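A.B. asks: Input: one structure, supplied below.
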4 protein chains.
Amino acid sequence: MTEREDDIGFAQTCGFRTVSSGGGRATVELTATPAVQNSSGFLHGGAVCALVDHAGTMAVISADRASRPGVSTDITVSFLAPTPAGDLVTAEATVLKIGKTLAFVSVDIRRGDGVLVAQGRMTKFQGG
Amino acid sequence: MTEREDDIGFAQTCGFRTVSSGGGRATVELTATPAVQNSSGFLHGGAVCALVDHAGTMAVISADRASRPGVSTDITVSFLAPTPAGDLVTAEATVLKIGKTLAFVSVDIRRGDGVLVAQGRMTKFQGG
Amino acid sequence: MTEREDDIGFAQTCGFRTVSSGGGRATVELTATPAVQNSSGFLHGGAVCALVDHAGTMAVISADRASRPGVSTDITVSFLAPTPAGDLVTAEATVLKIGKTLAFVSVDIRRGDGVLVAQGRMTKFQGG
Amino acid sequence: MTEREDDIGFAQTCGFRTVSSGGGRATVELTATPAVQNSSGFLHGGAVCALVDHAGTMAVISADRASRPGVSTDITVSFLAPTPAGDLVTAEATVLKIGKTLAFVSVDIRRGDGVLVAQGRMTKFQGG
């Protein structure tokens, strides 16, 4: 499942690499290649948001009783530090709660030097 | 400026096309090609967030006295409707306020049939 | 319904006054009395968030087929301008979408001089 | 400072009690009295947002080199579980980053039984 999600569409376009997922947690890596940089040469904020979405979804899939990715209703991201060109960032996603209909997941994204790049949260509708 | 921003890094990767920008407003299009779809074949939520960022930034650049893109501090996005594969979505960004140090911009994203796909908001730090 | 919601618990504590509600829209007023000020004498950010919640909920009730207030899953608020002590602010809430299970509402809060004080968004779970 | 902030305006109106603050962290309690309930008798979402604001601000004050509360630019809150009438909730705020101009703080709110009621995040402008 993990590899499959990474190899499809936008996840593949961005270059997300799921290192591990299970029990409501997921770890996803991204390298700040030119394809995901902004016009100043740093990792694009939109790519950071997409990473929050992907890592959060991998964590939710791992926690849902039917391995459903759900449908996002809300994403919020705060940006704390820039990521220079070429750097690797790691997203750690943790499911805060998952029920029959709603899931909540928090995601921390850090650079290789440990600096917190962004913190995001996502809410998902898991089905009626 | 408009074309240049579209032709760089992540904006080019996603396929954003800035139709117009000026006076604190910007219109940006995106087609839901396979490159920006999720594993269910719909437009990826992360690509929607990236579009909020790009359209919002184009609007901020057009309103800033020194045409600065600023640095995002926060992005929030609510997802109201899915976008089927191949559909075109249009983001309309409007600067709510821009001062010396902070800018706030709101973004509506609609499908060709007028349905509101997402609404986002972004806060930017424009410099000290 | 409108008056009843204003006269209960936290809405009454804050002093919210619903001017009108219907068809997915609501207008709610709040005066920046000492009871809702922060330690600097301006309208407290938490009171602004509460106003987003109350006005948004009134709009959702007016649009829901069974007049249900729903249960909030997410609130986001951006603060654009301060509100001096004693000033009146008016919240205009607009339902963006309401379905069987989810509702989305946007809220603009303005001072008497027309300045946008805050913009918020709320997502509600309306039931299974 | 801690007691002073609790005894002013909206913080006093809501009944926030700062248990401790220091080194970028703060713990604040709130009892779900009738004054902060919604029309269903649970703790009002707006009061939860206000608690995120107050606890986050106490944490920021404790970390700022000049003990400044800053000015909020953005608050986001996800609501995970309801708080029944009369229950006590505890907010734990942690500063994620504080610099010369911006501060970011995350807040977890839990019931007495340990259940996570809400998770919020706040961004503050600390001055030019």
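Ligands are numbered from 1 in the order shown, residues from 1 within each chain, and chains are lettered A, B, ... in the order they appear in the structure tokens.
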Would you give me, as a ChimeraX atom specification, the residues of chain D that come within 10 Å of chain C, using only C-alpha atoms?
C.D. replies: /D:4-14,33-54,69,71-82,118-124
A.B. asks: Within 9 Å of Glu29 (chain C), counting only C-alpha atoms, which residues qualify if same-chain residues fewer than 2 places away don't, as a ChimeraX atom specification?
C.D. replies: /C:15-19,27,31,51,55,88-91
A.B. asks: What is the CA of Gly56 (chain B) to CA of Gln126 (chain B) distance in Å?
C.D. replies: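 Computed distance, CA of Gly56 (chain B) to CA of Gln126 (chain B), equals 13.3 Å.
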A.B. asks: Within chain B, find each residue whose DSSP state, derived from the backbone, is strand (DSSP E), and express the selection as a VMD selection string.
C.D. replies: chain B and resid 17 to 22 25 to 31 71 to 79 88 to 98 102 to 111 116 to 125
A.B. asks: Filtering to C-alpha atoms, could you give me those residues as a PDB file, in the first residue's frame?
C.D. replies:
```pdb
ATOM      1  CA  ARG B  17      -1.339  29.149 -15.548  1.00  0.00           C
ATOM      2  CA  THR B  18      -1.764  32.734 -14.368  1.00  0.00           C
ATOM      3  CA  VAL B  19      -4.509  34.268 -16.487  1.00  0.00           C
ATOM      4  CA  SER B  20      -4.320  37.719 -14.934  1.00  0.00           C
ATOM      5  CA  SER B  21      -3.003  39.558 -11.905  1.00  0.00           C
ATOM      6  CA  GLY B  22      -3.131  43.147 -10.772  1.00  0.00           C
ATOM      7  CA  ARG B  25      -6.250  40.169  -7.447  1.00  0.00           C
ATOM      8  CA  ALA B  26      -5.100  37.165  -9.464  1.00  0.00           C
ATOM      9  CA  THR B  27      -6.734  34.439 -11.539  1.00  0.00           C
ATOM     10  CA  VAL B  28      -4.881  31.146 -11.964  1.00  0.00           C
ATOM     11  CA  GLU B  29      -5.978  28.016 -13.830  1.00  0.00           C
ATOM     12  CA  LEU B  30      -5.073  24.375 -13.307  1.00  0.00           C
ATOM     13  CA  THR B  31      -6.130  21.311 -15.262  1.00  0.00           C
ATOM     14  CA  VAL B  71       7.036  34.587   3.116  1.00  0.00           C
ATOM     15  CA  SER B  72       3.968  32.540   4.060  1.00  0.00           C
ATOM     16  CA  THR B  73       3.298  32.065   7.769  1.00  0.00           C
ATOM     17  CA  ASP B  74      -0.059  30.262   7.530  1.00  0.00           C
ATOM     18  CA  ILE B  75      -2.268  28.571   4.970  1.00  0.00           C
ATOM     19  CA  THR B  76      -5.712  27.117   5.660  1.00  0.00           C
ATOM     20  CA  VAL B  77      -7.847  25.318   3.094  1.00  0.00           C
ATOM     21  CA  SER B  78     -11.352  23.837   3.289  1.00  0.00           C
ATOM     22  CA  PHE B  79     -12.324  21.295   0.634  1.00  0.00           C
ATOM     23  CA  LEU B  88     -10.222  22.703 -15.249  1.00  0.00           C
ATOM     24  CA  VAL B  89     -10.326  24.664 -12.001  1.00  0.00           C
ATOM     25  CA  THR B  90      -9.922  28.413 -11.635  1.00  0.00           C
ATOM     26  CA  ALA B  91      -8.535  30.107  -8.535  1.00  0.00           C
ATOM     27  CA  GLU B  92      -9.589  33.683  -7.793  1.00  0.00           C
ATOM     28  CA  ALA B  93      -7.327  35.306  -5.205  1.00  0.00           C
ATOM     29  CA  THR B  94      -8.153  38.576  -3.444  1.00  0.00           C
ATOM     30  CA  VAL B  95      -5.862  40.463  -1.088  1.00  0.00           C
ATOM     31  CA  LEU B  96      -7.843  41.259   2.064  1.00  0.00           C
ATOM     32  CA  LYS B  97      -5.190  43.557   3.516  1.00  0.00           C
ATOM     33  CA  ILE B  98      -1.575  44.383   2.857  1.00  0.00           C
ATOM     34  CA  LEU B 102       1.818  41.515   6.821  1.00  0.00           C
ATOM     35  CA  ALA B 103      -0.471  40.508   3.961  1.00  0.00           C
ATOM     36  CA  PHE B 104      -3.706  38.492   4.052  1.00  0.00           C
ATOM     37  CA  VAL B 105      -5.260  36.917   0.971  1.00  0.00           C
ATOM     38  CA  SER B 106      -8.375  34.798   0.369  1.00  0.00           C
ATOM     39  CA  VAL B 107      -8.721  32.322  -2.511  1.00  0.00           C
ATOM     40  CA  ASP B 108     -11.811  30.692  -4.035  1.00  0.00           C
ATOM     41  CA  ILE B 109     -11.295  27.729  -6.363  1.00  0.00           C
ATOM     42  CA  ARG B 110     -14.135  26.754  -8.694  1.00  0.00           C
ATOM     43  CA  ARG B 111     -14.741  24.048 -11.285  1.00  0.00           C
ATOM     44  CA  LEU B 116     -16.844  25.846  -5.260  1.00  0.00           C
ATOM     45  CA  VAL B 117     -14.089  23.242  -4.907  1.00  0.00           C
ATOM     46  CA  ALA B 118     -12.139  24.883  -2.113  1.00  0.00           C
ATOM     47  CA  GLN B 119     -11.720  28.083  -0.146  1.00  0.00           C
ATOM     48  CA  GLY B 120      -8.360  29.014   1.306  1.00  0.00           C
ATOM     49  CA  ARG B 121      -6.664  31.801   3.169  1.00  0.00           C
ATOM     50  CA  MET B 122      -2.977  32.692   3.432  1.00  0.00           C
ATOM     51  CA  THR B 123      -1.033  35.054   5.679  1.00  0.00           C
ATOM     52  CA  LYS B 124       2.326  36.403   4.534  1.00  0.00           C
ATOM     53  CA  PHE B 125       5.148  38.229   6.245  1.00  0.00           C
TER      54      PHE B 125
END
```
A.B. asks: What is the distance, in Å and to one decimal place, between CA of Lys100 (chain B) and CA of Arg68 (chain D)?
C.D. replies: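 Separation of CA of Lys100 (chain B) and CA of Arg68 (chain D): 20.5 Å.
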